[in-house]
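Dumped structure25.tsv below, it's TSV, C-alpha atoms:
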```tsv
chain	number	residue	atom	x	y	z
M	1	MET	CA	-2.46	5.36	-14.37
M	2	THR	CA	-1.90	2.09	-16.17
M	3	THR	CA	-4.48	-0.63	-16.57
M	4	ALA	CA	-4.35	-4.36	-17.00
M	5	ALA	CA	-6.98	-6.32	-18.87
M	6	THR	CA	-10.37	-6.51	-17.20
M	7	THR	CA	-11.00	-9.84	-15.48
M	8	ASP	CA	-14.03	-11.56	-14.02
M	9	VAL	CA	-13.26	-10.25	-10.51
M	10	PRO	CA	-16.40	-8.51	-9.14
M	11	ASP	CA	-16.30	-4.72	-9.06
M	12	THR	CA	-17.06	-4.92	-5.34
M	13	THR	CA	-13.58	-6.34	-4.76
M	14	ALA	CA	-10.39	-4.33	-4.38
M	15	ASP	CA	-6.83	-5.57	-4.10
M	16	PHE	CA	-4.56	-3.06	-2.39
M	17	TRP	CA	-0.75	-3.15	-2.56
M	18	PHE	CA	1.12	-0.95	-0.06
M	19	ASP	CA	4.47	-0.27	1.51
M	20	PRO	CA	4.08	0.75	5.18
M	21	LEU	CA	6.56	3.61	4.68
M	22	CYS	CA	4.70	5.30	1.81
M	23	PRO	CA	2.62	8.31	2.93
M	24	TRP	CA	0.54	8.26	-0.25
M	25	ALA	CA	-0.35	4.60	0.21
M	26	TRP	CA	-1.39	5.54	3.74
M	27	MET	CA	-3.69	8.29	2.45
M	28	THR	CA	-5.27	5.93	-0.06
M	29	SER	CA	-5.73	3.26	2.59
M	30	ARG	CA	-7.59	5.77	4.78
M	31	TRP	CA	-9.86	6.55	1.85
M	32	ILE	CA	-10.66	2.92	1.11
M	33	GLY	CA	-11.38	2.35	4.78
M	34	GLU	CA	-14.05	5.03	4.46
M	35	VAL	CA	-15.38	3.33	1.33
M	36	GLU	CA	-15.87	0.13	3.32
M	37	GLN	CA	-18.31	2.05	5.52
M	38	VAL	CA	-20.53	3.26	2.65
M	39	ARG	CA	-20.19	0.61	-0.06
M	40	ASP	CA	-20.46	-3.17	0.11
M	41	ILE	CA	-16.88	-3.97	-0.85
M	42	THR	CA	-14.20	-6.46	0.09
M	43	VAL	CA	-10.55	-5.34	0.25
M	44	HIS	CA	-7.62	-7.75	0.05
M	45	TRP	CA	-4.34	-6.35	1.37
M	46	HIS	CA	-0.94	-7.12	-0.16
M	47	VAL	CA	2.58	-5.79	0.28
M	48	MET	CA	4.70	-4.16	-2.34
M	49	SER	CA	8.10	-2.72	-1.58
M	50	LEU	CA	9.64	0.66	-2.26
M	51	ALA	CA	13.01	-0.97	-1.58
M	52	VAL	CA	12.43	-3.55	-4.31
M	53	LEU	CA	10.97	-0.93	-6.65
M	54	ASN	CA	14.09	1.23	-6.33
M	55	GLU	CA	16.85	-1.32	-5.81
M	56	ASP	CA	18.32	-0.99	-9.32
M	57	ARG	CA	17.86	2.76	-9.64
M	58	GLU	CA	20.36	5.54	-9.10
M	59	LEU	CA	19.03	7.55	-6.19
M	60	PRO	CA	20.19	10.54	-4.11
M	61	GLU	CA	22.14	9.40	-1.08
M	62	ASP	CA	19.46	10.38	1.44
M	63	TYR	CA	16.71	8.58	-0.49
M	64	ARG	CA	18.90	5.49	-0.88
M	65	ALA	CA	19.32	5.49	2.90
M	66	LEU	CA	15.53	5.66	3.29
M	67	MET	CA	15.10	2.74	0.90
M	68	ASP	CA	17.57	0.71	2.93
M	69	ARG	CA	15.45	1.33	6.02
M	70	ALA	CA	12.25	0.57	4.09
M	71	TRP	CA	13.03	-3.16	4.03
M	72	GLY	CA	12.24	-3.57	7.73
M	73	PRO	CA	8.50	-2.84	8.09
M	74	VAL	CA	7.44	-4.57	4.87
M	75	ARG	CA	9.47	-7.65	5.77
M	76	VAL	CA	7.76	-7.80	9.16
M	77	VAL	CA	4.30	-7.53	7.58
M	78	THR	CA	5.24	-10.34	5.18
M	79	ALA	CA	6.48	-12.54	8.00
M	80	ALA	CA	3.34	-11.87	10.03
M	81	ARG	CA	1.12	-12.84	7.09
M	82	LEU	CA	2.97	-16.05	6.43
M	83	GLU	CA	3.14	-17.08	10.08
M	84	HIS	CA	-0.28	-15.85	11.25
M	85	GLY	CA	-2.52	-15.47	8.21
M	86	ASP	CA	-3.89	-12.77	5.93
M	87	ASP	CA	-6.18	-11.33	8.60
M	88	VAL	CA	-3.25	-9.76	10.48
M	89	VAL	CA	-2.01	-7.72	7.52
M	90	LYS	CA	-4.40	-4.77	7.73
M	91	PRO	CA	-4.34	-4.40	11.55
M	92	LEU	CA	-0.54	-4.52	11.54
M	93	TYR	CA	-0.38	-2.00	8.71
M	94	ASP	CA	-2.76	0.28	10.61
M	95	ALA	CA	-0.66	0.02	13.77
M	96	MET	CA	2.60	0.77	11.93
M	97	GLY	CA	1.16	3.44	9.68
M	98	THR	CA	-0.51	5.38	12.48
M	99	ARG	CA	2.86	5.72	14.17
M	100	ILE	CA	4.87	6.45	11.01
M	101	HIS	CA	2.55	8.89	9.25
M	102	PRO	CA	0.26	10.96	11.49
M	103	GLY	CA	2.52	10.06	14.43
M	104	GLY	CA	5.69	11.18	12.65
M	105	ARG	CA	7.77	8.45	14.27
M	106	GLN	CA	11.25	7.88	12.80
M	107	ASP	CA	12.50	4.99	14.96
M	108	LEU	CA	11.25	2.10	12.85
M	109	ASP	CA	12.50	-0.55	15.26
M	110	ALA	CA	10.32	0.95	17.99
M	111	VAL	CA	7.41	1.33	15.58
M	112	VAL	CA	7.58	-2.34	14.62
M	113	ALA	CA	7.86	-3.52	18.22
M	114	GLU	CA	4.93	-1.40	19.38
M	115	ALA	CA	2.78	-2.35	16.38
M	116	LEU	CA	3.35	-6.07	16.95
M	117	ALA	CA	2.40	-5.67	20.59
M	118	GLU	CA	-0.73	-3.69	19.72
M	119	VAL	CA	-1.94	-6.37	17.32
M	120	GLY	CA	-1.04	-9.18	19.73
M	121	LEU	CA	1.62	-10.76	17.54
M	122	PRO	CA	4.86	-12.31	18.83
M	123	ALA	CA	7.66	-9.84	19.45
M	124	GLU	CA	10.16	-12.09	17.68
M	125	LEU	CA	8.54	-11.26	14.34
M	126	ALA	CA	10.58	-8.05	14.56
M	127	ASP	CA	13.64	-10.13	13.72
M	128	ALA	CA	12.31	-10.41	10.16
M	129	ALA	CA	13.17	-6.73	9.61
M	130	THR	CA	16.86	-7.56	9.22
M	131	SER	CA	16.46	-10.99	7.64
M	132	ASP	CA	15.99	-11.99	4.01
M	133	ALA	CA	14.16	-15.18	4.99
M	134	TYR	CA	10.80	-13.92	3.75
M	135	ASP	CA	12.08	-11.91	0.80
M	136	PRO	CA	10.99	-14.45	-1.87
M	137	GLN	CA	7.37	-14.12	-0.74
M	138	LEU	CA	7.70	-10.34	-0.39
M	139	ARG	CA	9.09	-10.09	-3.92
M	140	ALA	CA	6.35	-12.37	-5.26
M	141	SER	CA	3.63	-10.15	-3.79
M	142	HIS	CA	5.36	-7.05	-5.16
M	143	ALA	CA	5.72	-8.65	-8.58
M	144	GLU	CA	2.02	-9.54	-8.72
M	145	GLY	CA	1.02	-5.92	-8.20
M	146	ILE	CA	3.52	-4.72	-10.80
M	147	ARG	CA	2.37	-7.40	-13.24
M	148	LEU	CA	-1.15	-6.00	-13.09
M	149	VAL	CA	-0.29	-2.33	-13.36
M	150	GLY	CA	2.99	-2.04	-15.29
M	151	ASP	CA	6.45	-0.76	-14.46
M	152	ASP	CA	6.06	3.02	-14.43
M	153	VAL	CA	4.33	3.27	-11.04
M	154	GLY	CA	4.88	3.63	-7.34
M	155	THR	CA	2.80	2.73	-4.32
M	156	PRO	CA	-0.12	2.31	-3.78
M	157	VAL	CA	-1.44	0.01	-6.46
M	158	VAL	CA	-5.15	-0.70	-6.28
M	159	ALA	CA	-7.03	-3.15	-8.48
M	160	PHE	CA	-10.74	-2.47	-8.92
M	161	GLY	CA	-12.54	-5.58	-10.06
M	162	GLY	CA	-9.25	-6.89	-11.43
M	163	THR	CA	-8.12	-3.75	-13.29
M	164	ALA	CA	-5.17	-2.11	-11.58
M	165	PHE	CA	-4.03	1.49	-11.26
M	166	PHE	CA	-1.37	3.45	-9.45
M	167	GLY	CA	-3.48	5.36	-6.95
M	168	PRO	CA	-5.84	7.05	-6.50
M	169	VAL	CA	-3.45	9.58	-4.97
M	170	VAL	CA	-5.60	11.84	-2.82
M	171	THR	CA	-5.25	14.22	0.12
M	172	PRO	CA	-6.96	14.62	2.46
M	173	ALA	CA	-8.72	11.27	2.35
M	174	PRO	CA	-12.39	11.75	1.38
M	175	LYS	CA	-14.86	10.68	4.03
M	176	GLY	CA	-18.38	9.27	4.02
M	177	GLU	CA	-20.29	9.48	0.79
M	178	ALA	CA	-17.51	11.53	-0.84
M	179	ALA	CA	-15.28	8.47	-0.42
M	180	GLY	CA	-18.00	6.32	-1.94
M	181	ARG	CA	-18.32	8.57	-4.97
M	182	LEU	CA	-14.58	8.40	-5.62
M	183	TRP	CA	-14.85	4.60	-5.43
M	184	ASP	CA	-17.72	4.70	-7.94
M	185	GLY	CA	-15.59	6.77	-10.29
M	186	CYS	CA	-12.62	4.41	-10.01
M	187	VAL	CA	-14.85	1.44	-10.79
M	188	LEU	CA	-16.29	3.34	-13.75
M	189	VAL	CA	-12.93	4.11	-15.35
M	190	ALA	CA	-11.65	0.62	-14.53
M	191	GLY	CA	-14.52	-0.74	-16.59
M	192	THR	CA	-13.65	1.44	-19.60
M	193	PRO	CA	-11.51	-0.55	-22.08
M	194	GLY	CA	-8.39	1.34	-23.10
M	195	PHE	CA	-8.47	3.84	-20.23
M	196	TYR	CA	-4.88	4.41	-19.08
M	197	GLU	CA	-4.21	7.74	-17.47
M	198	LEU	CA	-5.73	10.81	-15.82
M	199	LYS	CA	-3.26	12.97	-13.90
M	200	ARG	CA	-2.37	16.43	-12.63
M	201	SER	CA	0.59	17.79	-10.65
M	202	ARG	CA	0.37	17.50	-6.87
M	203	THR	CA	0.32	20.86	-5.10
M	204	GLN	CA	-0.25	19.56	-1.55
M	205	GLY	CA	1.43	17.00	0.65
M	206	PRO	CA	-0.33	14.30	2.65
M	207	VAL	CA	-2.87	15.64	5.15
M	208	PHE	CA	-3.07	13.22	8.06
M	209	ASP	CA	-6.42	14.14	9.60
```
Using structure tokens, write down the structure from this file.
Amino acid sequence: MTTAATTDVPDTTADFWFDPLCPWAWMTSRWIGEVEQVRDITVHWHVMSLAVLNEDRELPEDYRALMDRAWGPVRVVTAARLEHGDDVVKPLYDAMGTRIHPGGRQDLDAVVAEALAEVGLPAELADAATSDAYDPQLRASHAEGIRLVGDDVGTPVVAFGGTAFFGPVVTPAPKGEAAGRLWDGCVLVAGTPGFYELKRSRTQGPVFD
């Protein structure tokens, strides 16, 4: 985990950067949703992009194909935010992510169309999936998350009170007070000057419960 300098942002505020296609971002988002039930926190939701993160990297052919597909959902979320406001970001992410991750859906065009309908957003926003019209704003949001945390990361990026980390990466997502205690620990390490990394190898994939 990589930190940025501590700011004056309250430690009851989190900024969360996600790509709708990332299962680990999904797990972390389920955790922070639990935290909202047991701690008085405010979460601001932002997009980052696996496609942008990996666009200049040499990748296996199958993963490159996945990154090409990854443009669609994050572009649609960006378009929805710009056209309809920040408040639609989390509901749209929830609607997409539920279908992609626990739902196991592979047809991203159908996922986007259904998610837009569920949230009550115009169907034509789906056109953004194959357009670069909103890419400058998408890239700006991605760049802000990377600016805070550094280059050697993936998604999610979460800033606690202004100090950003990659993660926490956790499965299954803690619930209730267990989620709150993990939040407390993240805030604690975020407030420790010079704290950069605490890591172990993953031995389990995402558990979508």
Mind dumping a table of every region 121-196 of chain M residue within 9 Å of region 73-93 of chain M, with the nearest atom pair and its distance in Å to one decimal, using only C-alpha atoms, sorted by chain and rising number, as CSV?
```
residue,atom,partner,partner_atom,distance
M:Leu121,CA,M:Ala80,CA,7.8
M:Pro122,CA,M:Ala80,CA,8.9
M:Leu125,CA,M:Val76,CA,6.3
M:Ala126,CA,M:Val76,CA,6.1
M:Asp127,CA,M:Val76,CA,7.8
M:Ala128,CA,M:Val76,CA,5.3
M:Ala129,CA,M:Arg75,CA,5.4
M:Thr130,CA,M:Arg75,CA,8.2
M:Ser131,CA,M:Arg75,CA,8.0
M:Asp132,CA,M:Arg75,CA,8.0
M:Ala133,CA,M:Ala79,CA,8.7
M:Tyr134,CA,M:Ala79,CA,6.2
M:Asp135,CA,M:Arg75,CA,7.0
M:Gln137,CA,M:Thr78,CA,7.3
M:Leu138,CA,M:Thr78,CA,6.1
```
*Measuring atom to atom with all atoms listed in the file, identify which of M:Ala140, M:Ala179, M:Val153, M:Ala110 is nearest to Ile32 (chain M).*
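The answer is M:Ala179, which sits nearest to Ile32 (chain M).
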*Could you jot down the CA of Ala14 (chain M) to CA of Met96 (chain M) separation for me, Å, one decimal place?*
21.5 Å
*Please work out which residues fall within 9 Å of (-2.7, -5.4, 2.3), coordinates as given in the file, with all atoms listed in the file counting, and return them as an MDAnalysis selection string.*
chainID M and resid 15:19 43:48 86 89:90 93
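The spacing separating CA of Glu58 (chain M) from CA of Val149 (chain M) amounts to 22.5 Å.
For the residues M:Val112, M:Leu59, M:Val170, M:Val187, ranking by smallest atom-to-atom distance to Pro23 (chain M) using only C-alpha atoms places M:Val170 first.
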*What does the distance between CA of Pro174 (chain M) and CA of Gly191 (chain M) come to in Å, to one decimal place?*
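For CA of Pro174 (chain M) relative to CA of Gly191 (chain M), the distance reads 22.0 Å.
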Would you list the contacts of His101 (chain M) as a tab-separated table (two decimals) with C-alpha atoms, keeping the file's coordinate frame, taking every protein, DNA or RNA residue within 10 Å and counting all atoms listed in the file, but skipping same-chain residues closer than 4 positions in sequence?
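Output (result-v1.tsv):
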```tsv
chain	number	residue	atom	x	y	z
M	20	PRO	CA	4.08	0.75	5.18
M	21	LEU	CA	6.56	3.61	4.68
M	22	CYS	CA	4.70	5.30	1.81
M	23	PRO	CA	2.62	8.31	2.93
M	24	TRP	CA	0.54	8.26	-0.25
M	26	TRP	CA	-1.39	5.54	3.74
M	27	MET	CA	-3.69	8.29	2.45
M	96	MET	CA	2.60	0.77	11.93
M	97	GLY	CA	1.16	3.44	9.68
M	105	ARG	CA	7.77	8.45	14.27
M	106	GLN	CA	11.25	7.88	12.80
M	206	PRO	CA	-0.33	14.30	2.65
M	207	VAL	CA	-2.87	15.64	5.15
M	208	PHE	CA	-3.07	13.22	8.06
```
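Nearest residue to Arg30 (chain M) among M:Leu182, M:Leu148, M:Ala173, M:Leu53 is M:Ala173, counting all atoms listed in the file.
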Any chance you could model N, CA and C atoms for region 136-172 of chain M and send them as a compact mmCIF listing (two decimals), in the coordinates of the input?
```txt
# COMPACT_ATOMS: atom_id res chain seq x y z
N PRO M 136 11.62 -13.89 -0.67
CA PRO M 136 10.99 -14.45 -1.87
C PRO M 136 9.48 -14.21 -1.91
N GLN M 137 8.81 -14.35 -0.78
CA GLN M 137 7.37 -14.12 -0.74
C GLN M 137 7.04 -12.63 -0.86
N LEU M 138 7.88 -11.78 -0.25
CA LEU M 138 7.70 -10.34 -0.39
C LEU M 138 7.83 -9.93 -1.86
N ARG M 139 8.87 -10.43 -2.51
CA ARG M 139 9.09 -10.09 -3.92
C ARG M 139 7.97 -10.64 -4.81
N ALA M 140 7.44 -11.81 -4.47
CA ALA M 140 6.35 -12.37 -5.26
C ALA M 140 5.10 -11.51 -5.17
N SER M 141 4.79 -11.02 -3.96
CA SER M 141 3.63 -10.15 -3.79
C SER M 141 3.84 -8.84 -4.55
N HIS M 142 5.02 -8.27 -4.43
CA HIS M 142 5.36 -7.05 -5.16
C HIS M 142 5.21 -7.27 -6.66
N ALA M 143 5.74 -8.37 -7.15
CA ALA M 143 5.72 -8.65 -8.58
C ALA M 143 4.30 -8.82 -9.10
N GLU M 144 3.41 -9.37 -8.28
CA GLU M 144 2.02 -9.54 -8.72
C GLU M 144 1.35 -8.19 -8.93
N GLY M 145 1.58 -7.26 -8.01
CA GLY M 145 1.02 -5.92 -8.20
C GLY M 145 1.57 -5.24 -9.44
N ILE M 146 2.89 -5.33 -9.63
CA ILE M 146 3.52 -4.72 -10.80
C ILE M 146 3.05 -5.39 -12.09
N ARG M 147 2.85 -6.70 -12.04
CA ARG M 147 2.37 -7.40 -13.24
C ARG M 147 1.02 -6.85 -13.70
N LEU M 148 0.18 -6.50 -12.75
CA LEU M 148 -1.15 -6.00 -13.09
C LEU M 148 -1.12 -4.57 -13.62
N VAL M 149 -0.20 -3.75 -13.08
CA VAL M 149 -0.29 -2.33 -13.36
C VAL M 149 0.77 -1.83 -14.32
N GLY M 150 1.91 -2.50 -14.44
CA GLY M 150 2.99 -2.04 -15.29
C GLY M 150 4.12 -1.46 -14.47
N ASP M 151 5.22 -1.12 -15.14
CA ASP M 151 6.45 -0.76 -14.46
C ASP M 151 6.53 0.69 -14.00
N ASP M 152 5.86 1.60 -14.68
CA ASP M 152 6.06 3.02 -14.43
C ASP M 152 5.12 3.53 -13.34
N VAL M 153 5.25 2.95 -12.13
CA VAL M 153 4.33 3.27 -11.04
C VAL M 153 5.10 3.32 -9.72
N GLY M 154 4.39 3.73 -8.70
CA GLY M 154 4.88 3.63 -7.34
C GLY M 154 3.84 2.92 -6.50
N THR M 155 3.77 3.30 -5.22
CA THR M 155 2.80 2.73 -4.32
C THR M 155 1.86 3.85 -3.85
N PRO M 156 0.56 3.60 -3.75
CA PRO M 156 -0.12 2.31 -3.78
C PRO M 156 -0.50 1.88 -5.19
N VAL M 157 -0.77 0.58 -5.29
CA VAL M 157 -1.44 0.01 -6.46
C VAL M 157 -2.76 -0.56 -5.96
N VAL M 158 -3.83 -0.19 -6.64
CA VAL M 158 -5.15 -0.70 -6.28
C VAL M 158 -5.79 -1.29 -7.53
N ALA M 159 -6.30 -2.51 -7.40
CA ALA M 159 -7.03 -3.15 -8.48
C ALA M 159 -8.52 -3.11 -8.15
N PHE M 160 -9.29 -2.56 -9.06
CA PHE M 160 -10.74 -2.47 -8.92
C PHE M 160 -11.36 -3.51 -9.83
N GLY M 161 -11.96 -4.55 -9.23
CA GLY M 161 -12.54 -5.58 -10.06
C GLY M 161 -11.55 -6.22 -11.00
N GLY M 162 -10.26 -6.23 -10.61
CA GLY M 162 -9.25 -6.89 -11.43
C GLY M 162 -8.46 -5.99 -12.33
N THR M 163 -8.86 -4.71 -12.48
CA THR M 163 -8.12 -3.75 -13.29
C THR M 163 -7.34 -2.83 -12.36
N ALA M 164 -6.04 -2.76 -12.55
CA ALA M 164 -5.17 -2.11 -11.58
C ALA M 164 -4.70 -0.74 -12.04
N PHE M 165 -4.54 0.15 -11.05
CA PHE M 165 -4.03 1.49 -11.26
C PHE M 165 -3.01 1.83 -10.18
N PHE M 166 -2.14 2.77 -10.48
CA PHE M 166 -1.37 3.45 -9.45
C PHE M 166 -2.28 4.52 -8.86
N GLY M 167 -2.59 4.41 -7.58
CA GLY M 167 -3.48 5.36 -6.95
C GLY M 167 -4.85 4.75 -6.68
N PRO M 168 -5.86 5.61 -6.40
CA PRO M 168 -5.84 7.05 -6.50
C PRO M 168 -4.95 7.72 -5.45
N VAL M 169 -4.26 8.77 -5.87
CA VAL M 169 -3.45 9.58 -4.97
C VAL M 169 -4.32 10.76 -4.54
N VAL M 170 -4.61 10.86 -3.26
CA VAL M 170 -5.60 11.84 -2.82
C VAL M 170 -5.24 12.35 -1.42
N THR M 171 -5.45 13.64 -1.20
CA THR M 171 -5.25 14.22 0.12
C THR M 171 -6.12 15.47 0.27
N PRO M 172 -6.79 15.62 1.40
CA PRO M 172 -6.96 14.62 2.46
C PRO M 172 -7.85 13.49 1.98
```
